[in-house]
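J.: Can you keep this structure in mind? I'll have questions shortly.
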Amino acid sequence: MSKIYEQYRKKITNRERFVKFVEGRVNRILDALDSLGNCSNKRNYDYSDTDVKKIFSTIESKVEETRLMFQGTSENKKRFTLEWFLQAR
């Protein structure tokens, strides 16, 4: 076989590359959500209902923003902060 043909065979398709990257990234997101859930223990952490609402509102907004990216539209990236954390500095 020629070198060109061997290189062609080694190339993965866009679909294969998509599946490879998406599976890893989705699994990292799921792991991060599990880790976030570990912060729910009131014996170890002090948080308010307002904090929880802001956390999940931010996550849900980001999920929707990401969904829109797959539909061909997107918004500006936003970063998460809790106000009290910024005031404590």
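Labels used: A, B, ... for chains in the order of the structure tokens, numbers from 1 for residues in each chain, and numbers from 1 for ligands as shown.
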Compile the contact shell of range 25-42 of chain A as a count of residues only: residues with an atom at most 12 Å away, counting only C-alpha atoms, same-chain residues fewer than 3 positions apart removed.

T.: 17

J.: Tell me which of A:Ser2, A:Met69, A:Glu64, A:Thr58 sits closest to Leu82 in chain A, counting only C-alpha atoms.

T.: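 Between A:Ser2, A:Met69, A:Glu64, A:Thr58, the residue approaching Leu82 in chain A most closely is A:Thr58.
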
J.: Have a look at CA of Phe70 in chain A and CA of Ser57 in chain A and let me know their distance in Å, one decimal.

T.: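 Separation between CA of Phe70 in chain A and CA of Ser57 in chain A: 20.3 Å.
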